[in-house]
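The next block holds one structure in the form of structure tokens; read it before the comments.
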Amino acid sequence: MSLTINATVREDQGKGASRRLRHAEKIPAIIYGAGKAPTNITLGLHEVTHLLEDETSYTSVLDLMVGKKKEAVIIKDLQRHPAKNIVTHVDFLRINLKQALVTNIPLHFIGGDENESVRLGAIVNQFVTSVEVSCLPADLPTSIDVDVTNLEMGDHISLTGLDLPKGVTLTALTHGDIEAHDQSVVAIQEAKIMAEVEDDAPVAPETEVAGDDAAEEDKGDE
């Protein structure tokens, strides 16, 4: 079943116009790509919020209805209010259904509860949580499962060990030297080793968060 979202063409631009939209529970957005000129549009806040409750919407080809015109798009970028965590701007990328697209797909790790080593105290160490893939829009998966059920202590799964859907390619493995780019995705390790790794990890510096005015800026509307 395809996911559909409705929009209207947006004429007013700038921070003031975007602020007025948000006060009216609307969201400014933009569509670009596929060799066509960008189009500024307006979305309904509640419809977008409902759409994003389904995690597959982040990695699915959506039917974007602008008036009576339907366009195939994917969500390319989301901006959120730093304090309220509501969406303040959406970037949609137009998709040519006959051409391969490149995008990031999340990994879903399954089988940890059934893994015998984990039951005995081992840790599932996830090194990669998403991968960049290339495929036709019709073959685009919403996620890729990584089954760790039968991994033993010290075992790991690398990129070449992922079970990919038909027609899907990992872009990291298309650069010629597959072995050099075949990084580990997940491993079963002793909890003691994991604790030592965490103790040796550098402390991340504090990062300042932009205020409300910065969050309300409409991308590209300055």
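Each chain in the structure tokens gets a letter, A, B, ..., in the order shown, and its residues are numbered from 1; ligands are numbered from 1 in order too.
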Quiz item: What residues in segment 36-188 of chain A get the DSSP label strand (DSSP E or B)? Please answer as a VMD selection string.
Solution: chain A and resid 36 to 44 62 to 66 69 to 80 87 to 94 101 to 110 123 to 126 130 to 135 144 to 147 156 to 158 169 to 170 184 to 188
File of the preceding selection, C-alpha atoms, as a CSV table (one decimal), in the first residue's frame:
chain,number,residue,atom,x,y,z
A,36,LYS,CA,12.8,19.9,-12.7
A,37,ALA,CA,12.7,23.3,-11.0
A,38,PRO,CA,12.2,23.3,-7.2
A,39,THR,CA,8.6,23.9,-6.0
A,40,ASN,CA,7.8,25.4,-2.7
A,41,ILE,CA,4.8,23.8,-1.1
A,42,THR,CA,2.8,23.8,2.1
A,43,LEU,CA,1.8,20.7,4.2
A,44,GLY,CA,-0.6,20.2,7.0
A,62,LEU,CA,5.6,8.5,-1.3
A,63,ASP,CA,2.8,9.7,-3.5
A,64,LEU,CA,2.9,13.5,-3.0
A,65,MET,CA,-0.4,15.1,-4.2
A,66,VAL,CA,0.1,18.8,-5.1
A,69,LYS,CA,-0.9,16.4,-9.6
A,70,LYS,CA,0.9,13.3,-8.2
A,71,GLU,CA,4.6,13.1,-7.8
A,72,ALA,CA,6.8,10.2,-6.6
A,73,VAL,CA,9.1,11.4,-3.9
A,74,ILE,CA,11.2,10.4,-0.9
A,75,ILE,CA,11.8,12.4,2.3
A,76,LYS,CA,15.3,13.7,1.9
A,77,ASP,CA,15.6,15.9,5.0
A,78,LEU,CA,13.6,17.0,8.0
A,79,GLN,CA,14.0,20.0,10.2
A,80,ARG,CA,12.6,20.0,13.7
A,87,VAL,CA,8.6,19.2,12.2
A,88,THR,CA,9.3,22.7,10.9
A,89,HIS,CA,10.4,22.0,7.3
A,90,VAL,CA,10.5,19.0,4.9
A,91,ASP,CA,12.7,18.4,1.8
A,92,PHE,CA,11.2,16.0,-0.8
A,93,LEU,CA,13.3,14.5,-3.6
A,94,ARG,CA,11.5,13.7,-6.8
A,101,LEU,CA,18.1,5.9,-6.5
A,102,VAL,CA,20.7,6.1,-3.7
A,103,THR,CA,19.5,6.5,-0.1
A,104,ASN,CA,20.2,5.3,3.4
A,105,ILE,CA,18.2,2.4,4.8
A,106,PRO,CA,18.1,1.4,8.6
A,107,LEU,CA,19.3,-1.9,9.8
A,108,HIS,CA,17.0,-3.9,12.2
A,109,PHE,CA,18.9,-6.3,14.4
A,110,ILE,CA,16.9,-9.4,15.3
A,123,ILE,CA,26.8,-8.1,24.3
A,124,VAL,CA,25.5,-7.5,20.8
A,125,ASN,CA,27.8,-4.7,19.6
A,126,GLN,CA,26.3,-2.8,16.6
A,130,SER,CA,22.1,2.1,8.5
A,131,VAL,CA,23.6,1.5,5.1
A,132,GLU,CA,23.5,3.4,1.8
A,133,VAL,CA,21.9,1.4,-1.0
A,134,SER,CA,21.3,1.8,-4.7
A,135,CYS,CA,18.2,0.3,-6.3
A,144,ILE,CA,17.2,-4.6,6.2
A,145,ASP,CA,17.1,-7.3,8.9
A,146,VAL,CA,20.3,-8.5,10.5
A,147,ASP,CA,19.8,-11.8,12.2
A,156,HIS,CA,30.5,-11.0,13.5
A,157,ILE,CA,28.6,-10.0,10.4
A,158,SER,CA,30.2,-7.7,7.8
A,169,THR,CA,23.2,-3.0,-3.9
A,170,LEU,CA,25.4,-1.6,-1.1
A,184,SER,CA,31.9,-5.1,10.4
A,185,VAL,CA,28.2,-4.4,11.0
A,186,VAL,CA,27.6,-6.3,14.3
A,187,ALA,CA,29.6,-8.6,16.6
A,188,ILE,CA,29.0,-10.8,19.7
Quiz item: Taking the backbone alone, and naming residues the way the document does, which bits of segment 27-222 of chain A are alpha helix (DSSP H) by DSSP, as a ChimeraX atom specification?
Solution: /A:45-52,116-119,178-181,191-200,212-215
Selection near Asp182 of chain A, 8 Å with only C-alpha atoms, sequence-local residues under 4 positions removed, as a PDB file with all heavy atoms, in the first residue's frame:
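Heads up, here's the output in part-v4.pdb:
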ATOM      1  N   SER A 158      29.663  -8.867   8.560  1.00  0.00           N
ATOM      2  CA  SER A 158      30.176  -7.699   7.841  1.00  0.00           C
ATOM      3  C   SER A 158      29.194  -7.302   6.746  1.00  0.00           C
ATOM      4  O   SER A 158      28.148  -7.939   6.557  1.00  0.00           O
ATOM      5  CB  SER A 158      31.547  -8.003   7.236  1.00  0.00           C
ATOM      6  OG  SER A 158      31.444  -9.060   6.289  1.00  0.00           O
ATOM      7  N   LEU A 159      29.514  -6.253   6.017  1.00  0.00           N
ATOM      8  CA  LEU A 159      28.627  -5.775   4.946  1.00  0.00           C
ATOM      9  C   LEU A 159      28.335  -6.870   3.926  1.00  0.00           C
ATOM     10  O   LEU A 159      27.204  -7.010   3.467  1.00  0.00           O
ATOM     11  CB  LEU A 159      29.251  -4.558   4.251  1.00  0.00           C
ATOM     12  CG  LEU A 159      29.330  -3.263   5.053  1.00  0.00           C
ATOM     13  CD1 LEU A 159      30.037  -2.180   4.238  1.00  0.00           C
ATOM     14  CD2 LEU A 159      27.938  -2.783   5.471  1.00  0.00           C
ATOM     15  N   THR A 160      29.361  -7.643   3.574  1.00  0.00           N
ATOM     16  CA  THR A 160      29.156  -8.698   2.580  1.00  0.00           C
ATOM     17  C   THR A 160      28.299  -9.834   3.121  1.00  0.00           C
ATOM     18  O   THR A 160      27.809 -10.663   2.349  1.00  0.00           O
ATOM     19  CB  THR A 160      30.502  -9.265   2.096  1.00  0.00           C
ATOM     20  OG1 THR A 160      31.285  -9.666   3.237  1.00  0.00           O
ATOM     21  CG2 THR A 160      31.271  -8.244   1.285  1.00  0.00           C
ATOM     22  N   ALA A 172      28.764   1.013  -0.700  1.00  0.00           N
ATOM     23  CA  ALA A 172      30.110   0.889  -0.124  1.00  0.00           C
ATOM     24  C   ALA A 172      30.907  -0.224  -0.785  1.00  0.00           C
ATOM     25  O   ALA A 172      32.148  -0.209  -0.735  1.00  0.00           O
ATOM     26  CB  ALA A 172      30.013   0.640   1.383  1.00  0.00           C
ATOM     27  N   LEU A 173      30.218  -1.177  -1.391  1.00  0.00           N
ATOM     28  CA  LEU A 173      30.901  -2.319  -1.999  1.00  0.00           C
ATOM     29  C   LEU A 173      30.991  -2.192  -3.513  1.00  0.00           C
ATOM     30  O   LEU A 173      31.205  -3.187  -4.215  1.00  0.00           O
ATOM     31  CB  LEU A 173      30.176  -3.616  -1.617  1.00  0.00           C
ATOM     32  CG  LEU A 173      30.061  -3.884  -0.116  1.00  0.00           C
ATOM     33  CD1 LEU A 173      29.337  -5.210   0.124  1.00  0.00           C
ATOM     34  CD2 LEU A 173      31.423  -3.879   0.559  1.00  0.00           C
ATOM     35  N   ILE A 178      36.512  -4.493  -2.648  1.00  0.00           N
ATOM     36  CA  ILE A 178      35.446  -4.859  -1.717  1.00  0.00           C
ATOM     37  C   ILE A 178      36.003  -5.156  -0.335  1.00  0.00           C
ATOM     38  O   ILE A 178      35.443  -4.741   0.682  1.00  0.00           O
ATOM     39  CB  ILE A 178      34.664  -6.074  -2.255  1.00  0.00           C
ATOM     40  CG1 ILE A 178      33.911  -5.693  -3.530  1.00  0.00           C
ATOM     41  CG2 ILE A 178      33.694  -6.606  -1.207  1.00  0.00           C
ATOM     42  CD1 ILE A 178      33.137  -6.833  -4.152  1.00  0.00           C
TER      43      ILE A 178
END
Quiz item: Which distance in Å separates atom CA of Gly121 of chain A and atom CA of Gln189 of chain A, to one decimal?
Solution: 9.2 Å
Self-check item: Who sits within 12 Å of Glu47 of chain A, only C-alpha atoms, same chain under 3 positions skipped, as a PyMOL selection string
Solution: chain A and resi 3-7+25-27+42-44+50-54+87
Print the selection's residues with all heavy atoms to a file, as a CSV table (one decimal), in the first residue's frame.
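Below is the file that was written, selection.csv:
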chain,number,residue,atom,x,y,z
A,3,LEU,N,2.0,5.2,0.4
A,3,LEU,CA,1.7,6.3,1.4
A,3,LEU,C,1.5,7.6,0.6
A,3,LEU,O,2.3,7.9,-0.2
A,3,LEU,CB,2.9,6.4,2.4
A,3,LEU,CG,3.2,5.1,3.2
A,3,LEU,CD1,4.5,5.3,4.0
A,3,LEU,CD2,2.0,4.9,4.1
A,4,THR,N,0.5,8.3,1.0
A,4,THR,CA,0.1,9.5,0.3
A,4,THR,C,0.1,10.7,1.2
A,4,THR,O,-0.3,10.6,2.4
A,4,THR,CB,-1.3,9.4,-0.4
A,4,THR,OG1,-1.3,8.3,-1.3
A,4,THR,CG2,-1.6,10.7,-1.2
A,5,ILE,N,0.6,11.9,0.7
A,5,ILE,CA,0.6,13.1,1.5
A,5,ILE,C,0.1,14.2,0.6
A,5,ILE,O,0.5,14.3,-0.6
A,5,ILE,CB,1.9,13.4,2.2
A,5,ILE,CG1,1.8,14.6,3.1
A,5,ILE,CG2,3.0,13.6,1.2
A,5,ILE,CD1,3.0,14.8,4.0
A,6,ASN,N,-0.7,15.1,1.1
A,6,ASN,CA,-1.3,16.2,0.3
A,6,ASN,C,-0.5,17.5,0.6
A,6,ASN,O,0.0,17.8,1.7
A,6,ASN,CB,-2.7,16.4,0.7
A,6,ASN,CG,-3.6,15.1,0.3
A,6,ASN,OD1,-3.8,14.8,-0.8
A,6,ASN,ND2,-4.0,14.4,1.4
A,7,ALA,N,-0.5,18.3,-0.5
A,7,ALA,CA,0.2,19.6,-0.4
A,7,ALA,C,-0.4,20.6,-1.3
A,7,ALA,O,-1.2,20.3,-2.2
A,7,ALA,CB,1.7,19.4,-0.7
A,25,GLU,N,-0.7,26.0,11.8
A,25,GLU,CA,-0.5,24.6,11.9
A,25,GLU,C,-0.2,24.0,10.5
A,25,GLU,O,-0.7,23.0,10.1
A,25,GLU,CB,-1.7,23.8,12.5
A,25,GLU,CG,-1.8,24.2,14.0
A,25,GLU,CD,-2.9,23.4,14.7
A,25,GLU,OE1,-3.8,23.0,14.1
A,25,GLU,OE2,-2.7,23.1,15.9
A,26,LYS,N,0.6,24.8,9.7
A,26,LYS,CA,1.0,24.4,8.4
A,26,LYS,C,2.6,24.3,8.4
A,26,LYS,O,3.2,24.9,9.3
A,26,LYS,CB,0.6,25.4,7.3
A,26,LYS,CG,-0.9,25.6,7.2
A,26,LYS,CD,-1.6,24.4,6.6
A,26,LYS,CE,-3.1,24.7,6.4
A,26,LYS,NZ,-3.8,23.5,5.9
A,27,ILE,N,3.1,23.5,7.5
A,27,ILE,CA,4.6,23.4,7.4
A,27,ILE,C,5.1,23.7,6.0
A,27,ILE,O,4.6,23.2,5.0
A,27,ILE,CB,5.0,21.9,7.7
A,27,ILE,CG1,4.5,21.5,9.1
A,27,ILE,CG2,6.5,21.7,7.6
A,27,ILE,CD1,4.7,20.0,9.4
A,42,THR,N,3.2,23.7,0.7
A,42,THR,CA,2.8,23.8,2.1
A,42,THR,C,2.1,22.5,2.5
A,42,THR,O,1.3,21.9,1.7
A,42,THR,CB,1.7,24.9,2.3
A,42,THR,OG1,2.4,26.2,2.0
A,42,THR,CG2,1.2,25.0,3.8
A,43,LEU,N,2.4,22.0,3.7
A,43,LEU,CA,1.8,20.7,4.2
A,43,LEU,C,1.0,21.0,5.5
A,43,LEU,O,1.3,22.0,6.1
A,43,LEU,CB,3.0,19.7,4.5
A,43,LEU,CG,4.0,19.4,3.5
A,43,LEU,CD1,5.2,18.6,4.1
A,43,LEU,CD2,3.4,18.7,2.3
A,44,GLY,N,0.1,20.1,5.8
A,44,GLY,CA,-0.6,20.2,7.0
A,44,GLY,C,0.2,19.5,8.1
A,44,GLY,O,0.7,18.4,8.0
A,50,HIS,N,1.1,12.5,11.5
A,50,HIS,CA,0.5,11.2,11.4
A,50,HIS,C,1.3,10.3,10.4
A,50,HIS,O,1.6,9.1,10.7
A,50,HIS,CB,-0.9,11.3,10.9
A,50,HIS,CG,-1.6,10.0,10.7
A,50,HIS,ND1,-1.9,9.1,11.8
A,50,HIS,CD2,-2.0,9.3,9.6
A,50,HIS,CE1,-2.5,8.0,11.3
A,50,HIS,NE2,-2.5,8.1,10.0
A,51,LEU,N,1.8,10.9,9.3
A,51,LEU,CA,2.6,10.1,8.4
A,51,LEU,C,3.9,9.6,9.0
A,51,LEU,O,4.2,8.4,8.8
A,51,LEU,CB,2.9,11.0,7.2
A,51,LEU,CG,3.8,10.4,6.1
A,51,LEU,CD1,3.1,9.3,5.3
A,51,LEU,CD2,4.4,11.5,5.2
A,52,LEU,N,4.5,10.5,9.8
A,52,LEU,CA,5.8,10.1,10.3
A,52,LEU,C,5.7,9.1,11.5
A,52,LEU,O,6.7,8.6,12.0
A,52,LEU,CB,6.6,11.4,10.8
A,52,LEU,CG,6.9,12.3,9.6
A,52,LEU,CD1,7.7,13.5,10.1
A,52,LEU,CD2,7.8,11.6,8.5
A,53,GLU,N,4.5,8.9,12.0
A,53,GLU,CA,4.3,7.9,13.0
A,53,GLU,C,4.6,6.5,12.5
A,53,GLU,O,4.9,5.6,13.2
A,53,GLU,CB,2.9,7.9,13.6
A,53,GLU,CG,2.6,9.2,14.4
A,53,GLU,CD,1.2,9.3,14.9
A,53,GLU,OE1,0.3,8.5,14.4
A,53,GLU,OE2,0.8,10.1,15.7
A,54,ASP,N,4.5,6.3,11.2
A,54,ASP,CA,4.8,5.1,10.5
A,54,ASP,C,6.3,5.2,10.1
A,54,ASP,O,6.6,6.0,9.2
A,54,ASP,CB,3.9,4.9,9.3
A,54,ASP,CG,4.2,3.6,8.6
A,54,ASP,OD1,5.2,2.9,8.9
A,54,ASP,OD2,3.4,3.2,7.7
A,87,VAL,N,8.0,19.0,13.5
A,87,VAL,CA,8.6,19.2,12.2
A,87,VAL,C,8.4,20.7,11.8
A,87,VAL,O,7.3,21.2,11.9
A,87,VAL,CB,8.0,18.2,11.2
A,87,VAL,CG1,8.6,18.6,9.8
A,87,VAL,CG2,8.3,16.8,11.5
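Atom CA of Ser57 of chain A lies 11.0 Å from atom CA of Ser143 of chain A.
Taking atom CA of Ala34 of chain A as the reference point, atom CA of Leu140 of chain A is found at 17.5 Å.
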Quiz prompt | Ser117 of chain A surroundings by only C-alpha atoms, 7 Å radius, close-in-sequence under 3 positions cut, as a ChimeraX atom specification | solution = /A:120-122,152-153
Take the residues just selected and output them with C-alpha atoms as a PDB file, in the first residue's frame.
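Dumped to out-v9.pdb:
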ATOM      1  CA  LEU A 120      25.015 -16.019  29.079  1.00  0.00           C
ATOM      2  CA  GLY A 121      25.996 -12.348  29.353  1.00  0.00           C
ATOM      3  CA  ALA A 122      27.554 -11.437  26.002  1.00  0.00           C
ATOM      4  CA  GLU A 152      28.644 -17.331  18.728  1.00  0.00           C
ATOM      5  CA  MET A 153      31.061 -15.450  20.972  1.00  0.00           C
TER       6      MET A 153
END
